[in-house]
Amino acid sequence: MSARICPCLAAVPLLAALGISGCASAPETGRSQLLLIDSAQEASMGLKAFQEIKADTPVSNNRKETERLARVGGDIARVARLPNARWEFVLFDEPKQPNAFALPGGKVGVYTGILPITLNDAGLATVI
């Protein structure tokens, strides 16, 4: 019986070390969180995914709405507590797609289909 317990006991310090080394505090709440990848890796993954989406999805050439997104997004970026984010806001030309997304590292995509729903800058900021 003790032979079966021994491998389990050996795993306890390993799991504890993993838990301690991968812990950090969330800046907004102060709560502990387990981090399996660091913020640089996370941002790199976000950038790669964003580049793939931009390669596969048409970008809107609507200058007025693109400038609106840049303005509203810029306002959000200025108050966000993400000093290392490389913010990028892209308006995708997908009128039947009422959606938006954000990826690690400050990459934000908004589909033109959501714009009629947002109604104004405050609505767009809420979606972002």
# chains A, B, ... in the order shown; residues from 1 in each chain; ligands from 1
call {"tool": "closest_atom_pairs", "arguments": {"of": "range 64-99 of chain A", "to": "range 38-47 of chain A", "cutoff": "10 Å", "atoms": "only C-alpha atoms", "output": "Markdown table"}}
result
| residue | atom | partner | partner_atom | distance |
| --- | --- | --- | --- | --- |
| A:Asn84 | CA | A:Ala40 | CA | 9.0 |
| A:Ala85 | CA | A:Ala43 | CA | 7.9 |
| A:Arg86 | CA | A:Ala43 | CA | 8.8 |
| A:Glu88 | CA | A:Leu47 | CA | 9.8 |
call {"tool": "write_last_selection", "arguments": {"atoms": "C-alpha atoms", "output": "compact mmCIF listing (two decimals), in the first residue's frame"}}
result
# COMPACT_ATOMS: atom_id res chain seq x y z
CA ASN A 84 3.02 46.99 -23.02
CA ALA A 85 0.08 46.57 -25.40
CA ARG A 86 0.69 47.47 -29.03
CA GLU A 88 -4.26 48.00 -33.23
call {"tool": "residues_around", "arguments": {"residues": "range 51-67 of chain A", "least_positions_apart": "2", "cutoff": "6 Å", "atoms": "only C-alpha atoms", "output": "MDAnalysis selection string"}}
result
chainID A and resid 48:49 69:70 91:93
call {"tool": "closest_residue", "arguments": {"among": "A:Ala100, A:Leu34, A:Ile128, A:Val90", "to": "Ile114 in chain A", "atoms": "only C-alpha atoms"}}
result
A:Ala100
call {"tool": "closest_residue", "arguments": {"among": "A:Ala125, A:Gly113, A:Leu119, A:Pro104", "to": "Leu82 in chain A", "atoms": "only C-alpha atoms"}}
result
A:Pro104
call {"tool": "atom_distance", "arguments": {"atom1": "CA of Gly74 in chain A", "atom2": "CA of Phe50 in chain A"}}
result
18.0 Å
call {"tool": "atom_distance", "arguments": {"atom1": "CA of Leu115 in chain A", "atom2": "CA of Pro98 in chain A"}}
result
7.6 Å
call {"tool": "select_by_dssp", "arguments": {"residues": "range 31-105 of chain A", "states": "strand (DSSP E or B)", "output": "list in words"}}
result
Ser32, Gln33, Leu34, Val59, Glu88, Phe89, Val90, Leu91, Phe92, Ala100, Phe101, Ala102 and Leu103 of chain A
call {"tool": "write_last_selection", "arguments": {"atoms": "N, CA and C atoms", "output": "short mmCIF file (atom, residue, chain, number, x, y, z; two decimals), in the first residue's frame"}}
result
data_model
loop_
_atom_site.label_atom_id
_atom_site.label_comp_id
_atom_site.auth_asym_id
_atom_site.auth_seq_id
_atom_site.Cartn_x
_atom_site.Cartn_y
_atom_site.Cartn_z
N SER A 32 -5.15 36.27 -6.70
CA SER A 32 -4.13 35.41 -7.29
C SER A 32 -4.68 34.72 -8.52
N GLN A 33 -3.78 34.50 -9.48
CA GLN A 33 -4.17 33.78 -10.69
C GLN A 33 -3.01 32.90 -11.14
N LEU A 34 -3.33 31.78 -11.74
CA LEU A 34 -2.32 30.86 -12.24
C LEU A 34 -1.97 31.25 -13.67
N VAL A 59 -10.56 43.93 -45.12
CA VAL A 59 -10.54 45.11 -44.25
C VAL A 59 -11.41 46.18 -44.91
N GLU A 88 -3.92 47.96 -31.80
CA GLU A 88 -4.26 48.00 -33.23
C GLU A 88 -5.75 47.71 -33.33
N PHE A 89 -6.46 48.60 -34.00
CA PHE A 89 -7.90 48.48 -34.17
C PHE A 89 -8.18 48.38 -35.66
N VAL A 90 -8.83 47.28 -36.07
CA VAL A 90 -9.09 47.05 -37.49
C VAL A 90 -10.58 46.83 -37.69
N LEU A 91 -11.12 47.51 -38.70
CA LEU A 91 -12.52 47.34 -39.08
C LEU A 91 -12.57 46.38 -40.26
N PHE A 92 -13.22 45.25 -40.06
CA PHE A 92 -13.33 44.24 -41.10
C PHE A 92 -14.64 44.41 -41.85
N ALA A 100 -17.38 41.52 -32.74
CA ALA A 100 -16.08 42.16 -32.52
C ALA A 100 -15.27 41.22 -31.63
N PHE A 101 -13.97 41.42 -31.57
CA PHE A 101 -13.13 40.57 -30.73
C PHE A 101 -11.90 41.34 -30.29
N ALA A 102 -11.30 40.87 -29.23
CA ALA A 102 -10.03 41.42 -28.74
C ALA A 102 -9.09 40.27 -28.47
N LEU A 103 -7.84 40.46 -28.83
CA LEU A 103 -6.81 39.45 -28.63
C LEU A 103 -5.72 40.01 -27.72
#
call {"tool": "atom_distance", "arguments": {"atom1": "CA of Gly105 in chain A", "atom2": "CA of Trp87 in chain A"}}
result
7.0 Å
